[in-house]
file protein-v5.txt (compact mmCIF, C-alpha atoms)
# COMPACT_ATOMS: atom_id res chain seq x y z
CA MET O 1 171.44 150.04 81.85
CA PRO O 2 171.40 149.00 85.49
CA ASP O 3 174.50 149.19 87.64
CA ILE O 4 175.25 146.76 90.44
CA LEU O 5 177.97 147.33 93.00
CA LEU O 6 179.31 144.08 94.41
CA VAL O 7 181.36 144.50 97.57
CA GLU O 8 183.18 141.19 97.87
CA ASP O 9 186.75 140.28 98.76
CA SER O 10 186.66 136.68 97.55
CA VAL O 11 187.99 136.48 94.00
CA VAL O 12 186.29 133.12 93.56
CA ASP O 13 182.90 134.44 94.66
CA VAL O 14 183.26 137.42 92.32
CA GLU O 15 183.99 135.15 89.36
CA ILE O 16 181.04 132.90 90.17
CA MET O 17 178.82 135.97 90.44
CA ARG O 18 180.01 137.23 87.06
CA GLU O 19 179.33 133.86 85.49
CA ALA O 20 175.85 133.69 86.99
CA LEU O 21 174.99 137.19 85.73
CA THR O 22 176.27 136.24 82.28
CA ASP O 23 174.11 133.11 82.34
CA LEU O 24 171.16 135.32 83.24
CA ASP O 25 171.96 137.55 80.25
CA PHE O 26 172.35 140.57 82.57
CA LYS O 27 172.90 143.60 80.33
CA GLY O 28 173.99 146.08 82.96
CA ASN O 29 177.31 146.86 84.62
CA LEU O 30 178.79 144.93 87.50
CA HIS O 31 181.24 147.01 89.51
CA VAL O 32 183.35 145.13 92.01
CA VAL O 33 185.25 146.50 95.00
CA GLU O 34 187.15 144.33 97.43
CA ASP O 35 186.89 146.09 100.76
CA GLY O 36 184.56 148.31 102.74
CA GLU O 37 186.76 151.38 102.58
CA VAL O 38 186.84 151.35 98.79
CA ALA O 39 183.10 150.61 98.70
CA LEU O 40 182.43 153.85 100.58
CA GLN O 41 184.81 155.75 98.29
CA PHE O 42 182.93 154.37 95.27
CA LEU O 43 179.52 155.30 96.66
CA ARG O 44 180.69 158.78 97.71
CA LYS O 45 182.47 159.25 94.38
CA GLU O 46 185.77 159.92 96.11
CA GLU O 47 189.36 159.23 95.05
CA ASN O 48 189.37 157.35 91.72
CA PHE O 49 185.59 157.06 91.54
CA GLN O 50 184.49 160.61 90.70
CA SER O 51 182.99 159.62 87.36
CA VAL O 52 181.28 156.37 88.35
CA THR O 53 177.54 155.89 88.06
CA ARG O 54 175.48 155.60 91.21
CA PRO O 55 174.64 151.90 91.58
CA ASP O 56 171.01 150.74 91.43
CA ILE O 57 171.66 148.08 94.04
CA VAL O 58 174.53 147.16 96.31
CA LEU O 59 175.31 143.52 97.08
CA LEU O 60 177.31 143.67 100.29
CA ASP O 61 179.34 140.91 101.87
CA LEU O 62 179.66 141.24 105.65
CA ASN O 63 183.18 139.97 106.19
CA LEU O 64 185.35 142.55 104.50
CA PRO O 65 188.85 143.91 105.05
CA LYS O 66 189.50 147.44 106.41
CA VAL O 67 185.88 148.48 106.97
CA ASN O 68 183.49 145.58 107.52
CA GLY O 69 180.09 145.15 105.89
CA GLN O 70 178.10 146.29 108.90
CA GLU O 71 180.08 149.53 109.07
CA VAL O 72 179.54 150.10 105.34
CA LEU O 73 175.82 149.49 105.78
CA GLN O 74 175.65 151.85 108.74
CA SER O 75 177.49 154.59 106.84
CA VAL O 76 175.32 154.23 103.72
CA LYS O 77 172.07 154.31 105.66
CA ALA O 78 173.20 157.34 107.68
CA ASP O 79 174.07 159.29 104.53
CA PHE O 80 171.20 161.41 103.18
CA GLY O 81 172.42 161.09 99.62
CA LEU O 82 173.02 157.34 99.70
CA LYS O 83 170.38 155.88 102.00
CA THR O 84 167.83 155.30 99.23
CA ILE O 85 170.13 152.86 97.42
CA PRO O 86 168.94 149.32 98.17
CA VAL O 87 171.61 147.41 100.05
CA LEU O 88 171.23 143.66 99.98
CA VAL O 89 173.49 141.91 102.43
CA LEU O 90 174.99 138.77 100.96
CA SER O 91 176.52 136.52 103.54
CA THR O 92 177.34 132.92 104.36
CA SER O 93 176.19 133.59 107.90
CA CYS O 94 172.72 132.46 108.88
CA SER O 95 173.08 133.48 112.52
CA HIS O 96 170.06 135.30 113.87
CA PHE O 97 172.42 137.87 115.36
CA ASP O 98 173.83 138.81 111.94
CA VAL O 99 170.43 138.84 110.24
CA LYS O 100 168.88 141.01 112.96
CA ALA O 101 171.88 143.34 113.03
CA ALA O 102 171.73 143.81 109.26
CA TYR O 103 168.02 144.62 109.20
CA SER O 104 168.37 146.85 112.25
CA LEU O 105 171.08 148.83 110.48
CA GLY O 106 168.75 149.36 107.52
CA ALA O 107 169.61 146.57 105.11
CA ASN O 108 166.88 146.38 102.50
CA SER O 109 167.21 142.63 102.52
CA TYR O 110 169.46 139.81 103.67
CA LEU O 111 170.50 136.95 101.42
CA GLN O 112 172.37 133.86 102.36
CA LYS O 113 175.05 132.94 99.84
CA PRO O 114 173.95 129.70 98.22
CA SER O 115 176.46 126.89 98.13
CA ARG O 116 175.29 125.57 94.77
CA TYR O 117 175.68 127.40 91.49
CA ASN O 118 172.14 126.75 90.23
CA GLU O 119 170.76 128.13 93.50
CA LEU O 120 172.88 131.26 93.07
CA VAL O 121 171.51 131.75 89.54
CA LEU O 122 167.95 131.34 90.82
CA MET O 123 168.56 133.79 93.66
CA LEU O 124 170.17 136.38 91.38
CA ASN O 125 167.34 136.07 88.91
CA ARG O 126 164.89 136.89 91.70
CA VAL O 127 167.09 139.78 92.85
CA LEU O 128 167.22 141.27 89.35
CA THR O 129 163.49 140.83 88.79
CA PHE O 130 162.36 142.31 92.08
CA TRP O 131 164.93 145.06 92.59
CA LEU O 132 165.54 146.20 89.02
CA LYS O 133 162.11 145.67 87.46
CA HIS O 134 159.70 146.36 90.31
CA ASP O 135 161.32 148.28 93.14
CA LEU O 136 161.10 152.04 92.58
CA SER O 137 164.39 153.13 94.14
CA ARG O 138 165.88 153.85 90.71
CA LYS O 139 163.41 156.73 90.42
CA VAL O 140 165.11 158.53 93.30
CA SER O 141 168.63 157.97 92.02
CA GLY O 142 168.86 161.59 90.98
CA LEU O 143 168.62 162.87 94.54
CA SER O 144 171.81 163.69 96.34
CA MET N 1 154.86 127.23 109.51
CA LYS N 2 152.68 129.17 107.11
CA ALA N 3 153.58 132.75 106.31
CA THR N 4 151.38 135.68 107.25
CA LEU N 5 151.13 138.67 104.97
CA LEU N 6 149.65 141.89 106.35
CA LEU N 7 147.94 143.99 103.71
CA ILE N 8 147.26 147.56 104.85
CA GLU N 9 144.73 148.69 102.30
CA ASP N 10 141.39 150.45 102.46
CA SER N 11 140.07 149.53 99.04
CA ASP N 12 137.91 146.40 99.14
CA THR N 13 138.51 145.95 95.43
CA ASP N 14 142.29 146.09 95.81
CA ILE N 15 142.18 143.65 98.73
CA LYS N 16 140.08 141.27 96.65
CA LEU N 17 142.44 141.54 93.66
CA MET N 18 145.52 141.03 95.84
CA LYS N 19 143.96 137.95 97.45
CA GLN N 20 143.04 136.63 94.02
CA ALA N 21 146.60 137.13 92.73
CA LEU N 22 148.15 135.52 95.81
CA THR N 23 145.80 132.55 95.56
CA GLN N 24 146.45 132.18 91.84
CA LEU N 25 150.20 132.15 92.58
CA LYS N 26 149.71 129.38 95.17
CA PHE N 27 150.48 131.50 98.22
CA GLU N 28 149.30 129.23 101.00
CA GLY N 29 149.79 131.51 103.98
CA GLU N 30 147.41 133.85 105.75
CA ILE N 31 146.45 137.10 104.07
CA ARG N 32 145.50 139.54 106.82
CA PRO N 33 143.86 142.74 105.57
CA ALA N 34 143.73 145.89 107.68
CA SER N 35 141.65 148.70 106.25
CA ASP N 36 142.60 151.57 108.55
CA PRO N 37 145.67 152.60 110.57
CA GLN N 38 144.30 151.41 113.92
CA ALA N 39 143.42 148.01 112.46
CA ALA N 40 146.95 147.89 111.00
CA ARG N 41 148.51 148.53 114.41
CA GLU N 42 146.43 145.77 115.97
CA ALA N 43 147.04 143.31 113.12
CA LEU N 44 150.78 143.86 113.43
CA GLN N 45 150.72 142.91 117.10
CA THR N 46 148.51 139.86 116.64
CA ARG N 47 150.08 136.38 116.62
CA PRO N 48 151.17 134.85 114.40
CA TYR N 49 153.09 138.05 113.70
CA PRO N 50 153.10 139.08 110.04
CA ASP N 51 156.16 137.95 108.07
CA LEU N 52 155.78 140.75 105.58
CA VAL N 53 153.79 143.98 105.39
CA LEU N 54 152.35 145.59 102.27
CA LEU N 55 151.49 149.19 103.09
CA ASN N 56 149.37 151.45 100.93
CA TRP N 57 151.23 154.78 101.23
CA ARG N 58 147.98 156.73 100.90
CA LEU N 59 146.66 155.20 104.12
CA GLU N 60 148.72 157.32 106.54
CA GLY N 61 151.72 155.42 105.19
CA ARG N 62 154.24 157.99 106.35
CA GLU N 63 152.95 158.01 109.93
CA LEU N 64 152.61 154.24 110.13
CA LEU N 65 156.03 153.55 108.63
CA GLU N 66 157.66 156.02 111.01
CA GLU N 67 155.83 154.46 113.97
CA PHE N 68 156.60 150.86 112.98
CA ARG N 69 160.28 151.57 112.43
CA GLN N 70 160.60 153.14 115.86
CA ASP N 71 159.62 149.77 117.34
CA SER N 72 162.81 147.71 117.54
CA GLU N 73 160.71 144.53 117.61
CA LEU N 74 159.70 145.27 114.02
CA ALA N 75 163.22 145.85 112.70
CA THR N 76 163.30 142.51 110.92
CA THR N 77 159.79 142.70 109.47
CA PRO N 78 160.00 143.73 105.82
CA ILE N 79 157.66 146.61 105.00
CA LEU N 80 156.98 147.15 101.31
CA VAL N 81 155.25 150.37 100.35
CA LEU N 82 152.65 150.28 97.60
CA THR N 83 152.05 153.62 95.98
CA THR N 84 150.54 155.34 93.00
CA GLN N 85 152.70 158.41 93.77
CA CYS N 86 156.01 157.91 92.10
CA SER N 87 157.48 161.35 92.69
CA PRO N 88 161.15 161.10 93.66
CA ASP N 89 160.55 163.10 96.86
CA ALA N 90 157.72 160.84 98.09
CA LEU N 91 159.76 157.74 97.33
CA ALA N 92 162.89 159.16 98.97
CA LEU N 93 160.85 159.84 102.09
CA ALA N 94 159.51 156.28 102.21
CA TYR N 95 162.99 154.76 101.82
CA SER N 96 164.41 157.18 104.36
CA LEU N 97 161.79 156.18 106.90
CA GLY N 98 162.77 152.54 106.51
CA ALA N 99 160.68 151.01 103.75
CA ASN N 100 162.50 147.91 102.52
CA ALA N 101 161.15 148.53 99.04
CA CYS N 102 158.62 150.72 97.24
CA LEU N 103 156.38 149.31 94.54
CA HIS N 104 154.10 150.91 92.02
CA LYS N 105 150.52 149.92 92.65
CA PRO N 106 149.47 148.24 89.41
CA VAL N 107 146.41 149.43 87.55
CA ASP N 108 145.68 146.14 85.81
CA TYR N 109 145.51 142.56 86.99
CA GLU N 110 148.21 141.17 84.69
CA THR N 111 150.75 143.66 86.03
CA LEU N 112 149.63 142.90 89.57
CA LEU N 113 150.29 139.21 88.97
CA LEU N 114 153.83 139.94 87.74
CA LEU N 115 154.50 142.14 90.76
CA VAL N 116 153.13 139.65 93.27
CA LYS N 117 155.08 136.81 91.67
CA ALA N 118 158.34 138.80 91.89
CA LEU N 119 157.52 139.71 95.47
CA LEU N 120 156.74 136.14 96.55
CA ASP N 121 159.75 134.70 94.73
CA PHE N 122 162.17 137.17 96.30
CA TRP N 123 160.82 137.63 99.83
CA PHE N 124 159.52 134.11 100.45
CA GLY N 125 161.86 132.21 98.13
CA SER N 126 165.26 133.86 98.51
CA ALA N 127 165.47 136.53 101.20
CA THR N 128 166.43 135.51 104.70
CA ARG N 129 163.80 136.76 107.09
CA LEU N 130 163.79 136.52 110.84
CA PRO N 131 160.46 135.76 112.48
CA ARG N 132 159.64 137.89 115.50
CA ALA N 133 160.04 136.07 118.77

call {"tool": "encode", "arguments": {"input": "protein-v5.txt", "output": "structure tokens"}}
result
Amino acid sequence: MPDILLVEDSVVDVEIMREALTDLDFKGNLHVVEDGEVALQFLRKEENFQSVTRPDIVLLDLNLPKVNGQEVLQSVKADFGLKTIPVLVLSTSCSHFDVKAAYSLGANSYLQKPSRYNELVLMLNRVLTFWLKHDLSRKVSGLS
Amino acid sequence: MKATLLLIEDSDTDIKLMKQALTQLKFEGEIRPASDPQAAREALQTRPYPDLVLLNWRLEGRELLEEFRQDSELATTPILVLTTQCSPDALALAYSLGANACLHKPVDYETLLLLVKALLDFWFGSATRLPRA
């Protein structure tokens, strides 16, 4: 079963995401962490996360408490054991600066948070289809 | 503005099948094939700049990916690696060198259609891309 790590500090956005995944009949696990520091602990299996499964994709908000999304992205993509995990930046920002910065730091893709629920469902459906059914990164999940 | 897709592929048959799949799926942009590494380098620097690159790993994929990712102008151009080699080490290398995604090169047309549909839906329908200036 696929595992998604959602790094998101907005409780409302997390609930909407859960609902959308339920509507899409997503059978995997959605793990949620609320700030960048905890996201890195989760990915590095530190603190309370020693028994968690390595996520198949990370959905990363940019505006996060403690350690922001860009710093999380930079740390993941600089880490030999983590850099093959697809990180999809999920942001309300459509500024060229943010998009370019995310791709330059190694984001696998950049997604703008849709304002409408049906658009979110459509976007997530495309994310699940492309990244969980076609992308091959899950085949390297054993490397560390 | 119509999208431009650069297909780095030396097999005429595979180019033909990819074009057929893209046409069948109503892709209305330009499909720009490059059948060797030098042609790929030139095609990547030709306007309109490609919005997305499909790179056959067998065609000096490692060298080209490394070279393209050293060019900061290409940081926002998604490069998707197509490969028949699915060994974890080869894939890890491709991701480490900056491939946005790696995809198994399909062996039959129906599977190719599914792959191309997923690719078009995600990269041209949902992902935010940033055209090169």

call {"tool": "closest_residue", "arguments": {"input": "protein-v5.txt", "among": "O:Lys45, O:Lys83, O:Arg138, O:Lys113", "to": "Ile4 (chain O)", "atoms": "all atoms listed in the file"}}
result
O:Arg138

call {"tool": "interface_residues", "arguments": {"input": "protein-v5.txt", "of": "chain O", "to": "chain N", "cutoff": "8 Å", "atoms": "all atoms listed in the file", "output": "list in words"}}
result
Lys83, Thr84, Pro86, His96, Val99, Lys100, Tyr103, Ser104, Gly106, Ala107, Asn108, Ser109, Tyr110, Leu111, Gln112, Met123, Arg126, Val127, Thr129, Phe130, His134, Asp135, Leu136, Ser137, Lys139, Val140 and Leu143 of chain O

call {"tool": "residues_around", "arguments": {"input": "protein-v5.txt", "residues": "Ala39 (chain O)", "least_positions_apart": "2", "cutoff": "10 Å", "atoms": "all atoms listed in the file", "output": "list in words"}}
result
Leu5, Leu6, Val7, Glu8, Val32, Val33, Glu34, Asp35, Gly36, Glu37, Gln41, Phe42, Leu43, Arg44, Lys45, Phe49, Val58, Leu60, Val67, Gly69, Val72 and Val76 of chain O

call {"tool": "write_last_selection", "arguments": {"input": "protein-v5.txt", "atoms": "C-alpha atoms", "output": "PDB file, keeping the file's coordinate frame"}}
result
ATOM      1  CA  LEU O   5     177.970 147.330  93.000  1.00  0.00           C
ATOM      2  CA  LEU O   6     179.310 144.080  94.410  1.00  0.00           C
ATOM      3  CA  VAL O   7     181.360 144.500  97.570  1.00  0.00           C
ATOM      4  CA  GLU O   8     183.180 141.190  97.870  1.00  0.00           C
ATOM      5  CA  VAL O  32     183.350 145.130  92.010  1.00  0.00           C
ATOM      6  CA  VAL O  33     185.250 146.500  95.000  1.00  0.00           C
ATOM      7  CA  GLU O  34     187.150 144.330  97.430  1.00  0.00           C
ATOM      8  CA  ASP O  35     186.890 146.090 100.760  1.00  0.00           C
ATOM      9  CA  GLY O  36     184.560 148.310 102.740  1.00  0.00           C
ATOM     10  CA  GLU O  37     186.760 151.380 102.580  1.00  0.00           C
ATOM     11  CA  GLN O  41     184.810 155.750  98.290  1.00  0.00           C
ATOM     12  CA  PHE O  42     182.930 154.370  95.270  1.00  0.00           C
ATOM     13  CA  LEU O  43     179.520 155.300  96.660  1.00  0.00           C
ATOM     14  CA  ARG O  44     180.690 158.780  97.710  1.00  0.00           C
ATOM     15  CA  LYS O  45     182.470 159.250  94.380  1.00  0.00           C
ATOM     16  CA  PHE O  49     185.590 157.060  91.540  1.00  0.00           C
ATOM     17  CA  VAL O  58     174.530 147.160  96.310  1.00  0.00           C
ATOM     18  CA  LEU O  60     177.310 143.670 100.290  1.00  0.00           C
ATOM     19  CA  VAL O  67     185.880 148.480 106.970  1.00  0.00           C
ATOM     20  CA  GLY O  69     180.090 145.150 105.890  1.00  0.00           C
ATOM     21  CA  VAL O  72     179.540 150.100 105.340  1.00  0.00           C
ATOM     22  CA  VAL O  76     175.320 154.230 103.720  1.00  0.00           C
TER      23      VAL O  76
END

call {"tool": "atom_distance", "arguments": {"input": "protein-v5.txt", "atom1": "CA of Phe68 (chain N)", "atom2": "CA of Leu22 (chain N)"}}
result
24.5 Å

call {"tool": "atom_distance", "arguments": {"input": "protein-v5.txt", "atom1": "CA of Glu28 (chain N)", "atom2": "CA of Ala3 (chain N)"}}
result
7.7 Å

call {"tool": "axis_aligned_box", "arguments": {"input": "protein-v5.txt", "around": "region 80-90 of chain O", "padding_each_side": "3 Å", "output": "lines of an AutoDock Vina configuration file"}}
result
center_x = 171.4
center_y = 150.1
center_z = 100.3
size_x = 13.2
size_y = 28.6
size_z = 11.8

call {"tool": "atom_distance", "arguments": {"input": "protein-v5.txt", "atom1": "CA of Ser95 (chain O)", "atom2": "CA of Gln70 (chain N)"}}
result
23.5 Å

call {"tool": "residues_around", "arguments": {"input": "protein-v5.txt", "residues": "Thr4 (chain N)", "least_positions_apart": "5", "cutoff": "9 Å", "atoms": "all atoms listed in the file", "output": "ChimeraX atom specification"}}
result
/N:29-32,48-53

call {"tool": "build_atoms", "arguments": {"input": "protein-v5.txt", "residues": "region 21-35 of chain N", "atoms": "N, CA, C and O atoms", "output": "PDB file, keeping the file's coordinate frame"}}
result
ATOM      1  N   ALA N  21     145.259 137.339  93.315  1.00  0.00           N
ATOM      2  CA  ALA N  21     146.600 137.130  92.730  1.00  0.00           C
ATOM      3  C   ALA N  21     147.419 136.181  93.588  1.00  0.00           C
ATOM      4  O   ALA N  21     148.086 135.269  93.081  1.00  0.00           O
ATOM      5  N   LEU N  22     147.380 136.379  94.911  1.00  0.00           N
ATOM      6  CA  LEU N  22     148.150 135.520  95.810  1.00  0.00           C
ATOM      7  C   LEU N  22     147.668 134.075  95.733  1.00  0.00           C
ATOM      8  O   LEU N  22     148.468 133.136  95.718  1.00  0.00           O
ATOM      9  N   THR N  23     146.362 133.904  95.660  1.00  0.00           N
ATOM     10  CA  THR N  23     145.800 132.550  95.560  1.00  0.00           C
ATOM     11  C   THR N  23     146.194 131.917  94.226  1.00  0.00           C
ATOM     12  O   THR N  23     146.610 130.762  94.170  1.00  0.00           O
ATOM     13  N   GLN N  24     146.088 132.703  93.170  1.00  0.00           N
ATOM     14  CA  GLN N  24     146.450 132.180  91.840  1.00  0.00           C
ATOM     15  C   GLN N  24     147.925 131.755  91.795  1.00  0.00           C
ATOM     16  O   GLN N  24     148.288 130.811  91.102  1.00  0.00           O
ATOM     17  N   LEU N  25     148.763 132.457  92.568  1.00  0.00           N
ATOM     18  CA  LEU N  25     150.200 132.150  92.580  1.00  0.00           C
ATOM     19  C   LEU N  25     150.548 131.146  93.683  1.00  0.00           C
ATOM     20  O   LEU N  25     151.715 130.985  94.034  1.00  0.00           O
ATOM     21  N   LYS N  26     149.529 130.494  94.216  1.00  0.00           N
ATOM     22  CA  LYS N  26     149.710 129.380  95.170  1.00  0.00           C
ATOM     23  C   LYS N  26     150.296 129.824  96.508  1.00  0.00           C
ATOM     24  O   LYS N  26     150.995 129.039  97.163  1.00  0.00           O
ATOM     25  N   PHE N  27     150.067 131.077  96.889  1.00  0.00           N
ATOM     26  CA  PHE N  27     150.480 131.500  98.220  1.00  0.00           C
ATOM     27  C   PHE N  27     149.550 130.824  99.218  1.00  0.00           C
ATOM     28  O   PHE N  27     148.338 131.014  99.174  1.00  0.00           O
ATOM     29  N   GLU N  28     150.136 130.040 100.114  1.00  0.00           N
ATOM     30  CA  GLU N  28     149.300 129.230 101.000  1.00  0.00           C
ATOM     31  C   GLU N  28     149.193 129.786 102.409  1.00  0.00           C
ATOM     32  O   GLU N  28     148.590 129.169 103.277  1.00  0.00           O
ATOM     33  N   GLY N  29     149.810 130.939 102.634  1.00  0.00           N
ATOM     34  CA  GLY N  29     149.790 131.510 103.980  1.00  0.00           C
ATOM     35  C   GLY N  29     148.513 132.285 104.245  1.00  0.00           C
ATOM     36  O   GLY N  29     147.551 132.243 103.489  1.00  0.00           O
ATOM     37  N   GLU N  30     148.571 133.034 105.361  1.00  0.00           N
ATOM     38  CA  GLU N  30     147.410 133.850 105.750  1.00  0.00           C
ATOM     39  C   GLU N  30     147.545 135.247 105.145  1.00  0.00           C
ATOM     40  O   GLU N  30     148.621 135.853 105.205  1.00  0.00           O
ATOM     41  N   ILE N  31     146.466 135.723 104.568  1.00  0.00           N
ATOM     42  CA  ILE N  31     146.450 137.100 104.070  1.00  0.00           C
ATOM     43  C   ILE N  31     145.578 137.886 105.050  1.00  0.00           C
ATOM     44  O   ILE N  31     144.378 137.623 105.170  1.00  0.00           O
ATOM     45  N   ARG N  32     146.209 138.829 105.750  1.00  0.00           N
ATOM     46  CA  ARG N  32     145.500 139.540 106.820  1.00  0.00           C
ATOM     47  C   ARG N  32     145.285 140.989 106.405  1.00  0.00           C
ATOM     48  O   ARG N  32     146.217 141.795 106.464  1.00  0.00           O
ATOM     49  N   PRO N  33     144.077 141.337 105.975  1.00  0.00           N
ATOM     50  CA  PRO N  33     143.860 142.740 105.570  1.00  0.00           C
ATOM     51  C   PRO N  33     143.594 143.638 106.772  1.00  0.00           C
ATOM     52  O   PRO N  33     143.007 143.201 107.758  1.00  0.00           O
ATOM     53  N   ALA N  34     144.041 144.873 106.670  1.00  0.00           N
ATOM     54  CA  ALA N  34     143.730 145.890 107.680  1.00  0.00           C
ATOM     55  C   ALA N  34     143.356 147.147 106.902  1.00  0.00           C
ATOM     56  O   ALA N  34     144.147 147.637 106.097  1.00  0.00           O
ATOM     57  N   SER N  35     142.140 147.640 107.136  1.00  0.00           N
ATOM     58  CA  SER N  35     141.650 148.700 106.250  1.00  0.00           C
ATOM     59  C   SER N  35     141.785 150.106 106.829  1.00  0.00           C
ATOM     60  O   SER N  35     141.379 151.070 106.194  1.00  0.00           O
TER      61      SER N  35
END
